[in-house]
file work_8.txt (compact mmCIF, C-alpha atoms and all ligand atoms)
# COMPACT_ATOMS: atom_id res chain seq x y z
CA GLU A 1 -45.68 68.18 262.98
CA TYR A 2 -47.27 65.34 261.07
CA GLN A 3 -46.34 61.72 261.53
CA GLY A 4 -47.91 59.09 259.39
CA ILE A 5 -48.01 56.22 257.03
CA GLU A 6 -46.87 57.09 253.53
CA THR A 7 -46.24 55.42 250.19
CA GLY A 8 -42.90 56.27 248.63
CA THR A 9 -41.36 55.26 245.34
CA GLY A 10 -38.00 53.63 244.87
CA THR A 11 -35.74 52.30 242.16
CA GLY A 12 -33.92 49.12 243.11
CA GLN A 13 -31.22 47.27 241.21
CA TYR A 14 -33.37 44.18 240.60
CA ASN A 15 -37.01 45.15 240.95
CA GLY A 16 -37.01 48.37 238.93
CA GLN A 17 -39.36 51.12 240.07
CA VAL A 18 -41.56 50.08 242.98
CA THR A 19 -43.80 51.62 245.62
CA LEU A 20 -42.61 51.31 249.21
CA GLY A 21 -44.41 51.56 252.50
CA THR A 22 -42.73 54.41 254.40
CA THR A 23 -43.36 56.65 257.40
CA LEU A 24 -43.12 60.42 257.76
CA SER A 25 -41.51 61.40 261.06
CA GLY A 26 -41.12 65.13 261.56
CA SER A 27 -39.80 66.40 258.24
CA ALA A 28 -38.02 63.16 257.19
CA TYR A 29 -39.35 60.04 255.58
CA GLU A 30 -38.18 56.78 257.11
CA MET A 31 -37.86 53.36 255.48
CA THR A 32 -40.32 52.02 258.03
CA ASP A 33 -43.28 50.18 256.57
CA GLY A 34 -46.21 51.37 258.65
CA THR A 35 -48.68 49.03 256.97
CA ARG A 36 -46.65 45.85 257.44
CA GLY A 37 -45.85 45.61 261.11
CA GLY A 38 -43.40 48.52 261.07
CA HIS A 39 -40.72 46.60 259.16
CA LYS A 40 -37.58 48.81 259.09
CA THR A 41 -34.64 48.79 256.68
CA TYR A 42 -31.20 49.82 257.95
CA ASP A 43 -27.87 50.73 256.34
CA LEU A 44 -25.04 48.84 258.10
CA ASN A 45 -22.51 50.85 256.05
CA GLY A 46 -20.00 47.98 256.04
CA GLY A 47 -20.51 47.06 259.67
CA THR A 48 -21.29 43.57 260.87
CA SER A 49 -23.27 44.19 264.05
CA GLY A 50 -26.02 46.37 265.42
CA THR A 51 -28.42 48.19 263.16
CA GLY A 52 -26.30 50.97 261.63
CA THR A 53 -28.59 53.77 260.45
CA LEU A 54 -32.25 53.66 259.54
CA PHE A 55 -32.65 54.80 255.92
CA THR A 56 -34.22 58.27 255.80
CA ASP A 57 -34.99 60.57 252.91
CA ALA A 58 -36.26 64.09 252.34
CA ASP A 59 -38.65 63.49 249.43
CA ASP A 60 -39.76 59.82 249.72
CA VAL A 61 -38.08 58.95 246.41
CA TRP A 62 -35.45 56.29 247.09
CA GLY A 63 -32.45 54.82 245.26
CA ASN A 64 -31.53 55.10 241.59
CA GLY A 65 -31.04 51.50 240.48
CA LEU A 66 -27.26 51.61 240.87
CA PRO A 67 -25.26 49.95 243.67
CA SER A 68 -23.26 53.18 244.15
CA ASN A 69 -26.39 54.79 245.61
CA ARG A 70 -26.65 53.54 249.20
CA GLN A 71 -30.45 53.52 249.11
CA THR A 72 -30.66 51.20 246.10
CA ALA A 73 -30.00 47.97 248.04
CA GLY A 74 -32.36 49.27 250.72
CA VAL A 75 -35.12 49.63 248.14
CA ASP A 76 -34.77 46.03 246.97
CA ALA A 77 -34.54 44.67 250.53
CA ALA A 78 -37.56 46.67 251.68
CA PHE A 79 -39.52 45.67 248.58
CA GLY A 80 -38.63 42.00 249.14
CA ALA A 81 -39.84 42.17 252.74
CA GLN A 82 -43.07 43.89 251.77
CA ALA A 83 -43.75 41.50 248.88
CA THR A 84 -43.13 38.50 251.14
CA TRP A 85 -45.35 39.96 253.87
CA ASP A 86 -48.11 40.53 251.29
CA TYR A 87 -47.72 37.02 249.85
CA TYR A 88 -48.17 35.32 253.23
CA LYS A 89 -51.12 37.57 254.06
CA ASP A 90 -52.89 37.37 250.68
CA VAL A 91 -52.34 33.68 249.97
CA HIS A 92 -51.97 32.01 253.36
CA ALA A 93 -53.78 34.48 255.66
CA ARG A 94 -50.58 34.71 257.74
CA ASN A 95 -50.04 38.07 259.40
CA GLY A 96 -46.25 38.41 259.51
CA ILE A 97 -43.47 35.99 260.36
CA LYS A 98 -44.98 35.09 263.74
CA ASN A 99 -48.57 35.59 262.57
CA ASP A 100 -48.87 38.34 265.15
CA GLY A 101 -48.72 41.38 262.86
CA VAL A 102 -45.26 42.39 264.08
CA GLY A 103 -42.61 43.25 261.49
CA ALA A 104 -38.98 42.16 261.46
CA TYR A 105 -36.19 44.35 260.08
CA SER A 106 -33.67 44.24 257.25
CA ARG A 107 -30.00 45.29 257.24
CA VAL A 108 -28.13 45.98 253.98
CA HIS A 109 -24.47 46.79 253.18
CA TYR A 110 -23.20 44.14 255.63
CA GLY A 111 -19.39 43.86 255.64
CA ASN A 112 -17.22 44.29 252.56
CA ALA A 113 -17.99 42.41 249.33
CA TYR A 114 -19.85 39.84 251.44
CA VAL A 115 -21.45 37.26 249.16
CA ASN A 116 -24.35 36.00 251.26
CA ALA A 117 -27.57 36.93 252.99
CA PHE A 118 -29.02 35.39 256.11
CA TRP A 119 -31.90 35.27 258.54
CA SER A 120 -31.22 35.36 262.28
CA ASP A 121 -33.73 34.26 264.90
CA SER A 122 -31.86 36.14 267.61
CA CYS A 123 -32.25 39.58 266.02
CA PHE A 124 -35.47 38.58 264.23
CA CYS A 125 -33.90 40.20 261.19
CA MET A 126 -32.46 39.53 257.76
CA THR A 127 -29.10 40.77 256.55
CA TYR A 128 -27.61 41.27 253.09
CA GLY A 129 -24.05 41.54 251.81
CA ASP A 130 -23.17 43.63 248.77
CA GLY A 131 -21.82 40.70 246.73
CA SER A 132 -18.69 40.46 244.65
CA ALA A 133 -16.90 43.84 244.30
CA ASN A 134 -19.84 45.34 246.26
CA ALA A 135 -21.65 45.44 242.91
CA LYS A 136 -24.27 42.69 243.23
CA PRO A 137 -26.08 43.05 246.55
CA LEU A 138 -27.81 39.86 247.64
CA THR A 139 -31.13 41.69 247.73
CA SER A 140 -33.07 40.12 244.85
CA LEU A 141 -36.71 39.27 245.49
CA ASP A 142 -36.16 35.52 245.69
CA VAL A 143 -33.26 35.88 248.13
CA ALA A 144 -35.28 38.23 250.36
CA ALA A 145 -38.28 35.88 250.32
CA HIS A 146 -35.95 32.92 251.03
CA GLU A 147 -34.43 34.62 254.08
CA MET A 148 -37.74 35.88 255.46
CA THR A 149 -39.20 32.41 255.04
CA HIS A 150 -36.47 31.05 257.35
CA GLY A 151 -38.22 33.20 259.97
CA VAL A 152 -41.59 31.65 259.12
CA THR A 153 -40.14 28.13 259.30
CA SER A 154 -38.60 28.88 262.71
CA ASN A 155 -41.98 30.01 263.94
CA THR A 156 -43.98 27.09 262.51
CA ALA A 157 -42.49 23.61 262.03
CA GLY A 158 -39.13 24.69 263.43
CA LEU A 159 -37.29 22.28 261.12
CA ILE A 160 -33.83 21.64 262.59
CA TYR A 161 -31.14 23.03 260.27
CA SER A 162 -29.23 19.76 259.74
CA GLY A 163 -29.94 16.32 258.32
CA GLU A 164 -33.09 15.77 256.26
CA SER A 165 -35.07 18.35 258.25
CA GLY A 166 -32.36 20.89 257.31
CA GLY A 167 -32.84 20.13 253.63
CA LEU A 168 -36.59 20.55 254.07
CA ASN A 169 -35.98 23.86 255.88
CA GLU A 170 -33.88 25.10 252.95
CA ALA A 171 -36.40 23.83 250.42
CA THR A 172 -39.20 25.63 252.24
CA SER A 173 -37.31 28.89 251.73
CA ASP A 174 -36.71 28.17 248.03
CA ILE A 175 -40.30 27.03 247.46
CA MET A 176 -41.85 30.08 249.08
CA ALA A 177 -39.35 32.34 247.31
CA ALA A 178 -40.53 31.00 243.96
CA ALA A 179 -44.15 31.41 245.05
CA VAL A 180 -43.51 35.04 246.08
CA GLU A 181 -41.87 35.82 242.72
CA PHE A 182 -44.84 34.39 240.84
CA HIS A 183 -47.28 36.24 243.12
CA VAL A 184 -45.61 39.62 242.59
CA ASN A 185 -45.36 38.96 238.84
CA SER A 186 -42.97 41.87 238.32
CA GLY A 187 -41.94 42.85 234.82
CA THR A 188 -38.30 43.06 235.85
CA ASP A 189 -38.27 39.77 237.80
CA PRO A 190 -41.05 37.45 236.62
CA GLY A 191 -41.70 34.20 238.46
CA ASP A 192 -39.38 31.28 237.85
CA TYR A 193 -38.15 28.02 239.36
CA LEU A 194 -34.59 29.30 239.62
CA VAL A 195 -33.01 30.58 242.84
CA GLY A 196 -30.73 33.62 242.77
CA GLU A 197 -30.87 34.14 239.00
CA LYS A 198 -30.47 37.90 239.46
CA ILE A 199 -27.46 38.10 241.75
CA ASP A 200 -24.90 36.40 239.48
CA ILE A 201 -23.30 34.56 242.36
CA ASN A 202 -21.35 32.27 239.97
CA GLY A 203 -20.06 35.20 237.92
CA ASN A 204 -21.27 33.67 234.67
CA GLY A 205 -24.95 34.56 234.80
CA THR A 206 -26.17 31.15 235.98
CA PRO A 207 -28.56 30.81 238.93
CA LEU A 208 -27.58 29.44 242.30
CA ARG A 209 -30.15 26.61 242.19
CA TYR A 210 -32.59 24.96 239.75
CA MET A 211 -35.86 23.51 241.01
CA ASP A 212 -36.82 21.57 237.85
CA LYS A 213 -33.58 19.60 237.94
CA PRO A 214 -31.59 20.49 241.06
CA SER A 215 -28.49 18.53 239.95
CA LYS A 216 -27.89 21.18 237.27
CA ASP A 217 -25.96 23.13 239.94
CA GLY A 218 -23.43 20.29 240.15
CA ALA A 219 -24.12 19.44 243.79
CA SER A 220 -27.83 19.27 244.63
CA LYS A 221 -29.74 15.99 244.44
CA ASP A 222 -32.76 15.39 242.20
CA ALA A 223 -34.15 12.54 244.29
CA TRP A 224 -34.07 11.23 247.86
CA TYR A 225 -31.57 8.50 248.79
CA SER A 226 -30.73 7.00 252.17
CA GLY A 227 -27.60 9.11 252.81
CA ILE A 228 -29.04 12.48 251.82
CA GLY A 229 -29.15 13.65 255.44
CA SER A 230 -25.34 13.88 255.49
CA ILE A 231 -24.90 16.46 252.73
CA ASP A 232 -25.13 20.26 252.99
CA VAL A 233 -28.70 21.43 253.58
CA HIS A 234 -28.50 23.63 250.45
CA TYR A 235 -28.06 20.41 248.43
CA SER A 236 -30.35 18.06 250.36
CA SER A 237 -33.07 20.61 249.63
CA GLY A 238 -32.92 19.45 246.01
CA PRO A 239 -35.51 16.66 246.09
CA ALA A 240 -38.10 18.82 247.88
CA ASN A 241 -37.50 21.70 245.46
CA HIS A 242 -37.90 19.15 242.67
CA TRP A 243 -41.16 17.93 244.26
CA PHE A 244 -42.47 21.50 244.19
CA TYR A 245 -41.55 21.96 240.54
CA LEU A 246 -43.08 18.61 239.52
CA ALA A 247 -46.27 19.18 241.53
CA SER A 248 -46.58 22.72 240.14
CA GLU A 249 -45.78 22.13 236.49
CA GLY A 250 -45.58 18.38 235.87
CA SER A 251 -42.72 16.39 234.42
CA GLY A 252 -41.08 16.84 231.03
CA ALA A 253 -40.26 19.93 229.00
CA LYS A 254 -42.05 23.23 229.59
CA VAL A 255 -41.55 26.98 229.16
CA VAL A 256 -42.81 29.29 231.91
CA ASN A 257 -42.40 33.08 231.63
CA GLY A 258 -39.80 32.56 228.92
CA VAL A 259 -37.63 30.11 230.90
CA SER A 260 -37.22 26.54 229.62
CA TYR A 261 -37.42 23.65 232.06
CA ASN A 262 -37.05 19.91 231.63
CA SER A 263 -37.89 17.95 234.74
CA PRO A 264 -36.98 14.27 235.08
CA THR A 265 -38.63 11.74 237.42
CA SER A 266 -36.70 9.13 239.37
CA ASP A 267 -39.30 6.41 238.74
CA GLY A 268 -39.60 7.23 235.04
CA LEU A 269 -43.35 7.77 235.42
CA PRO A 270 -44.84 11.10 234.31
CA VAL A 271 -46.27 13.53 236.87
CA THR A 272 -49.39 15.54 236.09
CA ALA A 273 -49.32 19.10 237.48
CA ILE A 274 -51.62 20.26 240.28
CA GLY A 275 -50.62 23.89 239.62
CA ARG A 276 -48.27 26.09 241.60
CA ASP A 277 -50.98 27.70 243.72
CA ALA A 278 -52.16 24.30 244.97
CA ALA A 279 -48.57 23.10 245.48
CA ALA A 280 -47.73 26.20 247.55
CA LYS A 281 -50.93 25.94 249.61
CA ILE A 282 -50.23 22.29 250.33
CA TRP A 283 -46.62 22.96 251.32
CA TYR A 284 -47.56 25.86 253.58
CA ARG A 285 -50.34 23.92 255.30
CA ALA A 286 -48.00 20.96 255.77
CA LEU A 287 -45.32 23.28 257.21
CA SER A 288 -47.63 25.16 259.55
CA THR A 289 -49.92 22.31 260.63
CA TYR A 290 -48.19 18.93 260.35
CA MET A 291 -44.39 19.22 260.13
CA THR A 292 -42.30 19.28 263.30
CA SER A 293 -38.65 20.07 264.07
CA SER A 294 -37.55 16.52 263.17
CA THR A 295 -39.65 15.95 260.04
CA ASN A 296 -37.73 13.98 257.43
CA TYR A 297 -38.55 13.33 253.78
CA ALA A 298 -40.90 10.43 254.48
CA ALA A 299 -42.75 12.50 257.09
CA ALA A 300 -42.87 15.51 254.77
CA ARG A 301 -44.66 13.34 252.22
CA THR A 302 -47.20 12.31 254.85
CA ALA A 303 -47.61 15.93 255.97
CA THR A 304 -48.32 17.17 252.45
CA LEU A 305 -50.78 14.33 251.83
CA GLN A 306 -52.63 15.26 255.02
CA ALA A 307 -52.64 18.88 253.83
CA ALA A 308 -53.82 17.87 250.35
CA ALA A 309 -56.62 15.78 251.89
CA ASP A 310 -57.69 18.75 254.04
CA LEU A 311 -57.63 21.22 251.16
CA TYR A 312 -58.71 19.14 248.15
CA GLY A 313 -60.09 15.86 249.46
CA LEU A 314 -58.64 12.42 250.08
CA GLY A 315 -58.32 10.63 246.73
CA SER A 316 -58.90 13.80 244.69
CA ASP A 317 -56.82 14.27 241.54
CA THR A 318 -54.79 16.88 243.43
CA TYR A 319 -54.18 14.43 246.28
CA ASN A 320 -53.13 11.64 243.91
CA ASN A 321 -50.82 13.85 241.86
CA THR A 322 -49.25 15.20 245.06
CA ALA A 323 -48.34 11.60 245.88
CA ASN A 324 -47.10 11.00 242.32
CA ALA A 325 -44.72 13.96 242.63
CA TRP A 326 -43.23 12.37 245.79
CA ALA A 327 -42.82 9.03 244.00
CA ALA A 328 -40.98 10.94 241.25
CA ILE A 329 -38.33 12.01 243.79
CA ASN A 330 -38.07 8.50 245.26
CA VAL A 331 -40.18 9.08 248.38
CA GLY A 332 -43.05 6.64 248.95
CA SER A 333 -44.48 4.80 245.98
N1 LIG B 401 -28.05 32.43 252.57
C1 LIG B 401 -27.95 31.21 253.31
C2 LIG B 401 -29.32 30.65 253.54
O1 LIG B 401 -30.25 31.36 253.83
C3 LIG B 401 -27.29 31.41 254.60
C4 LIG B 401 -27.13 30.08 255.24
O2 LIG B 401 -26.36 29.24 254.81
N2 LIG B 401 -27.92 29.81 256.26
O3 LIG B 401 -29.50 29.49 253.44
ZN ZN B 402 -31.51 29.38 253.40

call {"tool": "encode", "arguments": {"input": "work_8.txt", "output": "structure tokens"}}
result
Amino acid sequence: EYQGIETGTGTGQYNGQVTLGTTLSGSAYEMTDGTRGGHKTYDLNGGTSGTGTLFTDADDVWGNGLPSNRQTAGVDAAFGAQATWDYYKDVHARNGIKNDGVGAYSRVHYGNAYVNAFWSDSCFCMTYGDGSANAKPLTSLDVAAHEMTHGVTSNTAGLIYSGESGGLNEATSDIMAAAVEFHVNSGTDPGDYLVGEKIDINGNGTPLRYMDKPSKDGASKDAWYSGIGSIDVHYSSGPANHWFYLASEGSGAKVVNGVSYNSPTSDGLPVTAIGRDAAAKIWYRALSTYMTSSTNYAAARTATLQAAADLYGLGSDTYNNTANAWAAINVGS
């Protein structure tokens, strides 16, 4: 009897054909990623508690791209977890959510037509509903990276999930989700500054959130204002998402991977891009080194400037343009 680390193939609904880290146990393959901390993917089969059943398979070929195949959502969830793990390791030298090499787990097919996904600190796991009519599971790459990043935030800055720190917590998940998408650079889901563009949560093909101009969703804010701590954290995230877009790409009109953006600035002054790799490195270093549970927008600016000074030098072009992107969302000057 052989037991070992394997590489399977799967076809998800959003990521197309992918390779998956799996494990052979006896004569069955398990959706257990032996090379990424043993991250497991479970089928809740409509349940809302526990772990349901670990996905297993006879030939290590998983899913068929359709939501009617139970494994399909599992493929996308497992791929999202593995891509996010790889992103943190490759780009930020972080070894798992707690930086201890230990994997979390994912649960798919939560409830009935449940239109959400969530991270939980208590189970150290992420969970996905199947979406409207159980036809659009919430398992796209950006959603998976968003949820897993809530785990990273909990284990670094610990940003409290209300007030301005809550908006920064949400933005951290959106920012890292965009960075993961760009890092994977998949043909079926290229990188973008949209959140949830694959899961059709509005039923009309529009994304859940826009980082170039957050107010396009009808509720998020483009810039900081003194009462922003009283709105929902998924809307007070807007200015920080906007900061990331502006720092990455600069202000004005731009096309990236076929998507058109047009990013305004609150002070009317243009912002010169530092590039998305620098913006993501600065945000991650700020999150993991300088932000605390009560960090607000003003303190987030300071944290990223400290990070930019560490990484690129005080007064460098990157440092100065990092500050300019904050001024463009009405934080600092
Ligand atoms: N999907 C949502 C999120 O991760 C769940 C929530 O509201 N916490 O933000
Ligand atoms: Zn979130």

call {"tool": "residues_around", "arguments": {"input": "work_8.txt", "residues": "segment 154-166 of chain A", "least_positions_apart": "4", "cutoff": "12 Å", "atoms": "all atoms listed in the file", "output": "PyMOL selection string"}}
result
chain A and resi 94+96-100+119-122+124+147-150+170-173+224-240+283-300+303

call {"tool": "residues_near_ligand", "arguments": {"input": "work_8.txt", "ligand": "ligand LIG 401 (chain B)", "cutoff": "6 Å", "atoms": "all atoms listed in the file", "output": "ChimeraX atom specification"}}
result
/A:116-118,147

call {"tool": "residues_around", "arguments": {"input": "work_8.txt", "residues": "Asp267 of chain A", "least_positions_apart": "4", "cutoff": "7 Å", "atoms": "all atoms listed in the file", "output": "list in words"}}
result
Ala327, Ala328 and Asn330 of chain A

call {"tool": "closest_residue", "arguments": {"input": "work_8.txt", "among": "A:Gly10, A:Gly275, A:Gly167, A:Gly74", "to": "ligand ZN 402 (chain B)", "atoms": "all atoms listed in the file"}}
result
A:Gly167

call {"tool": "atom_distance", "arguments": {"input": "work_8.txt", "atom1": "atom CA of Asn202 of chain A", "atom2": "atom CA of Gln13 of chain A"}}
result
18.0 Å

call {"tool": "atom_distance", "arguments": {"input": "work_8.txt", "atom1": "atom CA of Asn45 of chain A", "atom2": "atom CA of Phe79 of chain A"}}
result
19.3 Å

call {"tool": "closest_residue", "arguments": {"input": "work_8.txt", "among": "A:Lys281, A:Thr272, A:Gly332, A:Thr265", "to": "Asp317 of chain A", "atoms": "all atoms listed in the file"}}
result
A:Thr272

call {"tool": "closest_residue", "arguments": {"input": "work_8.txt", "among": "A:His242, A:Arg209, A:His183, A:Lys221", "to": "ligand ZN 402 (chain B)", "atoms": "all atoms listed in the file"}}
result
A:Arg209

call {"tool": "atom_distance", "arguments": {"input": "work_8.txt", "atom1": "atom CA of Leu66 of chain A", "atom2": "atom CA of Gly4 of chain A"}}
result
28.7 Å

call {"tool": "residues_near_point", "arguments": {"input": "work_8.txt", "point": "(-41.8, 34.0, 240.3)", "cutoff": "8 Å", "atoms": "only C-alpha atoms", "output": "list of chain:residue names"}}
result
A:Asp142, A:Ala177, A:Ala178, A:Ala179, A:Val180, A:Glu181, A:Phe182, A:His183, A:Val184, A:Asn185, A:Asp189, A:Pro190, A:Gly191, A:Asp192, A:Tyr193

call {"tool": "closest_residue", "arguments": {"input": "work_8.txt", "among": "A:Asn257, A:Asn112, A:Thr7, A:Ser186", "to": "Gly129 of chain A", "atoms": "only C-alpha atoms"}}
result
A:Asn112

call {"tool": "closest_residue", "arguments": {"input": "work_8.txt", "among": "A:Trp62, A:Tyr319, A:Tyr210, A:Tyr105", "to": "Glu197 of chain A", "atoms": "only C-alpha atoms"}}
result
A:Tyr210

call {"tool": "closest_residue", "arguments": {"input": "work_8.txt", "among": "A:Asn134, A:Thr19, A:Ser49, A:Asn95", "to": "Pro67 of chain A", "atoms": "only C-alpha atoms"}}
result
A:Asn134

call {"tool": "axis_aligned_box", "arguments": {"input": "work_8.txt", "around": "segment 77-95 of chain A", "padding_each_side": "5 Å", "output": "lines of an AutoDock Vina configuration file"}}
result
center_x = -44.2
center_y = 39.3
center_z = 254.0
size_x = 29.2
size_y = 24.7
size_z = 20.8

call {"tool": "build_atoms", "arguments": {"input": "work_8.txt", "residues": "segment 24-44 of chain A", "atoms": "N, CA and C atoms", "output": "short mmCIF file (atom, residue, chain, number, x, y, z; two decimals), keeping the file's coordinate frame"}}
result
data_model
loop_
_atom_site.label_atom_id
_atom_site.label_comp_id
_atom_site.auth_asym_id
_atom_site.auth_seq_id
_atom_site.Cartn_x
_atom_site.Cartn_y
_atom_site.Cartn_z
N LEU A 24 -43.62 59.05 257.62
CA LEU A 24 -43.12 60.42 257.76
C LEU A 24 -42.99 60.73 259.25
N SER A 25 -41.77 61.09 259.66
CA SER A 25 -41.51 61.40 261.06
C SER A 25 -40.88 62.78 261.12
N GLY A 26 -41.60 63.75 261.64
CA GLY A 26 -41.12 65.13 261.56
C GLY A 26 -41.07 65.54 260.10
N SER A 27 -39.90 65.98 259.64
CA SER A 27 -39.80 66.40 258.24
C SER A 27 -39.09 65.36 257.38
N ALA A 28 -38.75 64.18 257.96
CA ALA A 28 -38.02 63.16 257.19
C ALA A 28 -38.87 61.90 257.00
N TYR A 29 -38.74 61.34 255.83
CA TYR A 29 -39.35 60.04 255.58
C TYR A 29 -38.40 58.95 256.06
N GLU A 30 -38.96 57.92 256.64
CA GLU A 30 -38.18 56.78 257.11
C GLU A 30 -38.55 55.54 256.32
N MET A 31 -37.57 54.64 256.12
CA MET A 31 -37.86 53.36 255.48
C MET A 31 -38.41 52.42 256.55
N THR A 32 -39.58 52.79 257.03
CA THR A 32 -40.32 52.02 258.03
C THR A 32 -41.69 51.78 257.44
N ASP A 33 -42.04 50.52 257.27
CA ASP A 33 -43.28 50.18 256.57
C ASP A 33 -44.44 50.13 257.57
N GLY A 34 -45.15 51.23 257.66
CA GLY A 34 -46.21 51.37 258.65
C GLY A 34 -47.38 50.43 258.43
N THR A 35 -47.54 49.91 257.22
CA THR A 35 -48.68 49.03 256.97
C THR A 35 -48.32 47.55 257.09
N ARG A 36 -47.05 47.27 257.34
CA ARG A 36 -46.65 45.85 257.44
C ARG A 36 -45.81 45.64 258.70
N GLY A 37 -46.46 45.91 259.81
CA GLY A 37 -45.85 45.61 261.11
C GLY A 37 -44.68 46.49 261.49
N GLY A 38 -44.49 47.61 260.75
CA GLY A 38 -43.40 48.52 261.07
C GLY A 38 -42.03 48.00 260.66
N HIS A 39 -42.00 47.13 259.66
CA HIS A 39 -40.72 46.60 259.16
C HIS A 39 -39.78 47.74 258.77
N LYS A 40 -38.56 47.75 259.35
CA LYS A 40 -37.58 48.81 259.09
C LYS A 40 -36.42 48.27 258.27
N THR A 41 -35.81 49.16 257.49
CA THR A 41 -34.64 48.79 256.68
C THR A 41 -33.48 49.71 257.05
N TYR A 42 -32.36 49.09 257.43
CA TYR A 42 -31.20 49.82 257.95
C TYR A 42 -30.00 49.70 257.02
N ASP A 43 -29.14 50.71 257.06
CA ASP A 43 -27.87 50.73 256.34
C ASP A 43 -26.75 50.40 257.33
N LEU A 44 -26.14 49.21 257.19
CA LEU A 44 -25.04 48.84 258.10
C LEU A 44 -23.73 49.52 257.70
#
